[in-house]
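Structure file target.txt (compact mmCIF, C-alpha atoms) is printed below.
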# COMPACT_ATOMS: atom_id res chain seq x y z
CA MET A 1 0.00 0.00 0.00
CA ASP A 2 2.84 2.40 0.85
CA GLU A 3 4.40 1.65 -2.53
CA LEU A 4 1.16 2.66 -4.26
CA VAL A 5 1.00 5.99 -2.36
CA GLU A 6 4.70 6.63 -3.05
CA SER A 7 4.21 5.73 -6.72
CA THR A 8 1.23 8.09 -6.97
CA ASN A 9 3.21 10.91 -5.33
CA ASN A 10 6.14 10.32 -7.65
CA ASN A 11 3.84 10.35 -10.68
CA GLN A 12 2.30 13.67 -9.68
CA LEU A 13 5.57 15.40 -8.81
CA PRO A 14 7.16 15.46 -12.26
CA ASN A 15 3.89 16.69 -13.76
CA LYS A 16 3.73 19.55 -11.23
CA GLN A 17 7.42 20.30 -11.64
CA LYS A 18 7.10 20.30 -15.42
CA PHE A 19 4.13 22.67 -15.21
CA ALA A 20 6.05 24.92 -12.80
CA ARG A 21 9.05 25.08 -15.16
CA THR A 22 6.79 25.84 -18.12
CA LEU A 23 4.85 28.45 -16.13
CA TYR A 24 8.14 30.09 -15.11
CA THR A 25 9.54 30.07 -18.65
CA LEU A 26 6.36 31.34 -20.28
CA GLY A 27 5.91 33.88 -17.50
CA ARG A 28 9.39 35.28 -18.15
CA ILE A 29 8.90 35.30 -21.93
CA SER A 30 5.51 36.95 -21.53
CA TYR A 31 6.97 39.50 -19.10
CA TRP A 32 9.70 40.55 -21.51
CA ILE A 33 7.40 40.66 -24.54
CA HIS A 34 4.88 42.75 -22.59
CA LEU A 35 7.63 45.00 -21.25
CA VAL A 36 9.37 45.61 -24.58
CA LEU A 37 6.17 46.17 -26.54
CA GLY A 38 4.79 48.25 -23.67
CA VAL A 39 7.82 50.53 -23.57
CA ILE A 40 7.78 50.95 -27.36
CA SER A 41 4.02 51.59 -27.36
CA GLY A 42 4.19 53.93 -24.39
CA LEU A 43 6.94 56.04 -25.89
CA THR A 44 5.15 56.13 -29.23
CA LEU A 45 1.86 57.12 -27.58
CA LEU A 46 3.61 59.87 -25.63
CA LEU A 47 5.20 61.14 -28.82
CA VAL A 48 1.81 61.12 -30.56
CA VAL A 49 0.00 62.84 -27.67
CA PHE A 50 2.57 65.61 -27.30
CA SER A 51 3.11 66.19 -31.02
CA ARG A 52 -0.49 66.07 -32.07
CA ASN A 53 -2.76 68.93 -33.02
CA ALA A 54 -6.32 67.71 -32.61
CA THR A 55 -7.67 68.07 -36.13
CA ASN A 56 -9.54 64.80 -36.39
CA SER A 57 -11.93 63.62 -33.67
CA GLY A 58 -11.66 59.98 -34.77
CA THR A 59 -7.95 59.91 -34.08
CA GLY A 60 -8.50 61.61 -30.73
CA ILE A 61 -10.96 58.92 -29.70
CA GLY A 62 -8.46 56.30 -30.90
CA ILE A 63 -5.77 57.82 -28.67
CA PHE A 64 -8.15 57.89 -25.70
CA ILE A 65 -9.11 54.23 -26.05
CA ALA A 66 -5.48 53.27 -26.76
CA MET A 67 -4.51 54.77 -23.40
CA PHE A 68 -6.87 52.39 -21.59
CA SER A 69 -5.51 49.49 -23.61
CA PHE A 70 -2.01 50.61 -22.67
CA LEU A 71 -3.01 50.59 -18.98
CA ALA A 72 -4.22 47.01 -19.45
CA LEU A 73 -0.82 46.25 -21.00
CA CYS A 74 0.92 47.72 -17.93
CA PHE A 75 -1.21 45.41 -15.77
CA GLY A 76 -0.18 42.56 -18.11
CA VAL A 77 3.50 43.30 -17.42
CA TYR A 78 2.90 42.98 -13.69
CA TRP A 79 0.73 39.88 -14.10
CA ALA A 80 3.31 38.13 -16.29
CA TRP A 81 5.94 38.87 -13.63
CA ARG A 82 3.56 37.32 -11.11
CA TYR A 83 3.47 34.07 -13.12
CA SER A 84 7.17 33.51 -12.51
CA ARG A 85 6.70 34.18 -8.77
CA LEU A 86 3.81 31.70 -8.74
CA ALA A 87 5.97 29.12 -10.51
CA LYS A 88 8.69 29.51 -7.86
CA LYS A 89 6.09 28.91 -5.14
CA LEU A 90 4.89 25.84 -7.03
CA GLN A 91 8.42 24.42 -7.08
CA ARG A 92 8.72 24.48 -3.29
CA VAL A 93 9.33 21.11 -1.68
CA ASP A 94 6.70 21.53 1.04
CA PRO A 95 3.24 20.89 -0.46
CA GLU A 96 1.65 23.00 2.31
CA THR A 97 3.27 26.19 0.97
CA GLN A 98 2.60 25.45 -2.69
CA PRO A 99 -0.30 27.28 -4.34
CA SER A 100 -3.35 25.15 -5.00
CA ARG A 101 -4.59 24.26 -8.44
CA ILE A 102 -7.58 26.57 -7.87
CA GLU A 103 -5.25 29.48 -7.04
CA ILE A 104 -3.25 28.91 -10.22
CA ILE A 105 -6.42 28.71 -12.33
CA GLN A 106 -7.71 31.92 -10.74
CA VAL A 107 -4.46 33.79 -11.48
CA LEU A 108 -4.48 32.56 -15.09
CA ARG A 109 -8.14 33.54 -15.52
CA ILE A 110 -7.47 37.06 -14.28
CA GLY A 111 -4.54 37.29 -16.71
CA LEU A 112 -6.74 36.03 -19.53
CA LEU A 113 -9.51 38.52 -18.75
CA ALA A 114 -7.02 41.39 -18.62
CA SER A 115 -5.46 40.30 -21.92
CA PHE A 116 -8.83 39.87 -23.64
CA GLY A 117 -10.04 43.23 -22.30
CA GLY A 118 -6.88 44.97 -23.49
CA LEU A 119 -7.09 43.14 -26.81
CA MET A 120 -10.66 44.31 -27.32
CA LEU A 121 -9.78 47.92 -26.43
CA ALA A 122 -6.72 47.89 -28.68
CA LEU A 123 -8.73 46.45 -31.55
CA ILE A 124 -11.42 49.11 -31.18
CA ALA A 125 -8.80 51.89 -30.95
CA THR A 126 -6.96 50.60 -34.01
CA GLU A 127 -10.17 50.30 -36.01
CA ILE A 128 -11.23 53.84 -35.12
CA SER A 129 -7.82 55.26 -36.02
CA LEU A 130 -7.59 53.36 -39.29
CA VAL A 131 -11.13 54.27 -40.35
CA SER A 132 -10.34 57.90 -39.56
CA LEU A 133 -7.13 57.77 -41.65
CA VAL A 134 -8.85 56.07 -44.56
CA ALA A 135 -11.69 58.61 -44.44
CA ASN A 136 -9.14 61.43 -44.54
CA ALA A 137 -7.33 59.83 -47.45
CA ILE A 138 -10.56 59.35 -49.39
CA ALA A 139 -11.79 62.88 -48.65
CA ARG A 140 -8.57 64.41 -49.92
CA PRO A 141 -8.64 65.29 -53.60
CA GLN A 142 -6.17 63.13 -55.47
CA GLY A 143 -3.35 64.90 -57.29
CA LEU A 144 -4.12 68.36 -55.92
CA ALA A 145 -2.22 70.32 -53.34
CA VAL A 146 -4.18 70.31 -50.10
CA PHE A 147 -3.97 73.26 -47.77
CA GLU A 148 -6.70 72.24 -45.34
CA ARG A 149 -5.27 70.81 -42.12
CA GLU A 150 -8.07 68.33 -41.55
CA HIS A 151 -7.22 66.50 -44.77
CA ILE A 152 -3.53 65.98 -44.03
CA ILE A 153 -2.36 62.61 -42.76
CA THR A 154 0.58 63.20 -40.43
CA VAL A 155 3.38 61.00 -39.19
CA ALA A 156 1.75 61.13 -35.75
CA ASP A 157 -1.33 59.44 -37.21
CA LEU A 158 0.81 56.59 -38.52
CA LEU A 159 2.77 56.34 -35.26
CA LEU A 160 -0.53 56.04 -33.40
CA VAL A 161 -1.52 53.06 -35.52
CA LEU A 162 1.93 51.52 -34.94
CA ALA A 163 1.56 51.91 -31.16
CA GLN A 164 -1.90 50.37 -31.27
CA VAL A 165 -0.67 47.41 -33.31
CA ASN A 166 2.16 46.84 -30.80
CA ILE A 167 -0.36 46.89 -27.96
CA LEU A 168 -2.54 44.44 -29.92
CA GLY A 169 0.45 42.11 -30.33
CA ALA A 170 1.30 42.17 -26.63
CA HIS A 171 -2.28 41.44 -25.62
CA PHE A 172 -2.56 38.68 -28.22
CA PHE A 173 0.57 36.98 -26.90
CA GLY A 174 -0.67 37.34 -23.32
CA SER A 175 -4.02 35.80 -24.26
CA ALA A 176 -2.39 32.89 -26.09
CA ASN A 177 -0.05 32.31 -23.15
CA CYS A 178 -2.91 32.25 -20.62
CA LEU A 179 -5.10 30.04 -22.82
CA GLY A 180 -2.31 27.51 -23.29
CA LEU A 181 -1.51 27.34 -19.59
CA LEU A 182 -5.19 27.16 -18.61
CA SER A 183 -5.77 24.39 -21.13
CA TRP A 184 -2.86 22.43 -19.70
CA ILE A 185 -3.84 22.83 -16.06
CA LEU A 186 -7.50 22.01 -16.72
CA ARG A 187 -6.55 18.90 -18.74
CA ALA A 188 -3.84 17.55 -16.49
CA GLU A 189 -3.77 16.58 -12.87
CA ILE A 190 -1.10 18.60 -11.16
With the file now loaded, output its structure as structure tokens.
Amino acid sequence: MDELVESTNNNQLPNKQKFARTLYTLGRISYWIHLVLGVISGLTLLLVVFSRNATNSGTGIGIFIAMFSFLALCFGVYWAWRYSRLAKKLQRVDPETQPSRIEIIQVLRIGLLASFGGLMLALIATEISLVSLVANAIARPQGLAVFEREHIITVADLLLVLAQVNILGAHFFGSANCLGLLSWILRAEI
């Protein structure tokens, strides 16, 4: 009987340790992707906000929504860092101090909700900005010099779209990371 209990414990340990190593690795990768894309997006958004003359309301709304998506990205940076801390707790020898499966699932669900929320906001902001740019391009007479400010597409408009696409990418990676880990923990017994 003792051999059966020991065998069961030995079978569960590598699974838990493998999950902890994967959670740590993916948490670190996610942290750095979120951080790099967040810094690039944040600097680009700051450049756009401080260099922009509000001539087009659609772009202004896009900037406003992009700021909330950027805040969700900042939360994603912290949450990805938290995954690696959670993985270290999971690798502890004492099972009493290890986080429970329910705790891990809850942390991953919060990360998934934050990533999906940020992804939705970034998608809406990008759509608004792109529709606004396309409308300006269509409204501008082709082949004629344009002297009306509202019909000029500026570099700031394009940088805004670049920042929004970077934020989209970070949230997409965060969502994929959370979905993969959730799928694994819900399928497996750890």
Checklist entry - Counting all atoms listed in the file, what is within 7 Å of range 109-115 of chain A, bar same-chain residues fewer than 4 positions away, as number ranges by chain? => result A: 72, 76, 79, 105, 119, 171, 174-175, 178
Next on the checklist: For a test of reading the model, state the distance in Å between CA of Arg85 in chain A and CA of Val165 in chain A, rounded to one decimal.
Outcome noted: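 CA of Arg85 in chain A sits 28.8 Å away from CA of Val165 in chain A.
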Next on the checklist: Neighbouring residues of Gln164 in chain A were defined as those with any atom within 9 Å, considering all atoms listed in the file; residues of the same chain fewer than 6 positions away were excluded. Please report them as a list in words.
Outcome noted: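 Residues near the query, excluding close chain neighbours: Ser41, Leu45, Gly62, Ile63, Ala66, Ser69, Phe70, Ala122, Leu123, Ala125 and Thr126 of chain A.
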Hey, could you pull the box centre and edge lengths for range 157-170 of chain A, axis-aligned, 3 Å padding per side, all listed atoms, to one decimal in Å, as lines of an AutoDock Vina configuration file?
center_x = 0.1
center_y = 50.8
center_z = -32.6
size_x = 11.3
size_y = 23.3
size_z = 17.9
Item to check | Residues near Leu159 in chain A, cut-off 12 Å, only C-alpha atoms, skip fewer than 6 positions along chain, as a list in words | outcome: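 Answer for this query is Ile40, Ser41, Gly42, Leu43, Thr44, Leu45, Leu46, Leu47, Val48, Val49, Ser51, Arg52, Thr59, Ile63, Thr126, Ser129, Leu130, Leu133, Ile153, Val165 and Asn166 of chain A.
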Next on the checklist: Quick check, in Å to one decimal: how far apart do CA of Ala156 in chain A and CA of Met120 in chain A lie?
Outcome noted: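 Interatomic distance, CA of Ala156 in chain A to CA of Met120 in chain A: 22.5 Å.
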Item to check | One-decimal distance in Å that lies between CA of Gly27 in chain A and CA of Tyr83 in chain A | outcome: 5.0 Å
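Of the listed residues A:Arg140, A:Lys16, A:His34, A:Arg28, the one whose atoms come nearest to Ile104 in chain A is A:Lys16, with distances taken using all atoms listed in the file.
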Checklist entry - Nearest to Leu26 in chain A among A:Leu181, A:Ile102, A:Leu160, A:Ala135, with distances taken over only C-alpha atoms: which residue is it? => result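 Closest residue, counting only C-alpha atoms: A:Leu181.
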Checklist entry - Restricting the calculation to only C-alpha atoms, which member of A:Arg101, A:Gly58, A:Leu90, A:Tyr31 is positioned closest to Ser132 in chain A? => result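 The shortest atom-to-atom distance to Ser132 in chain A comes from A:Gly58.
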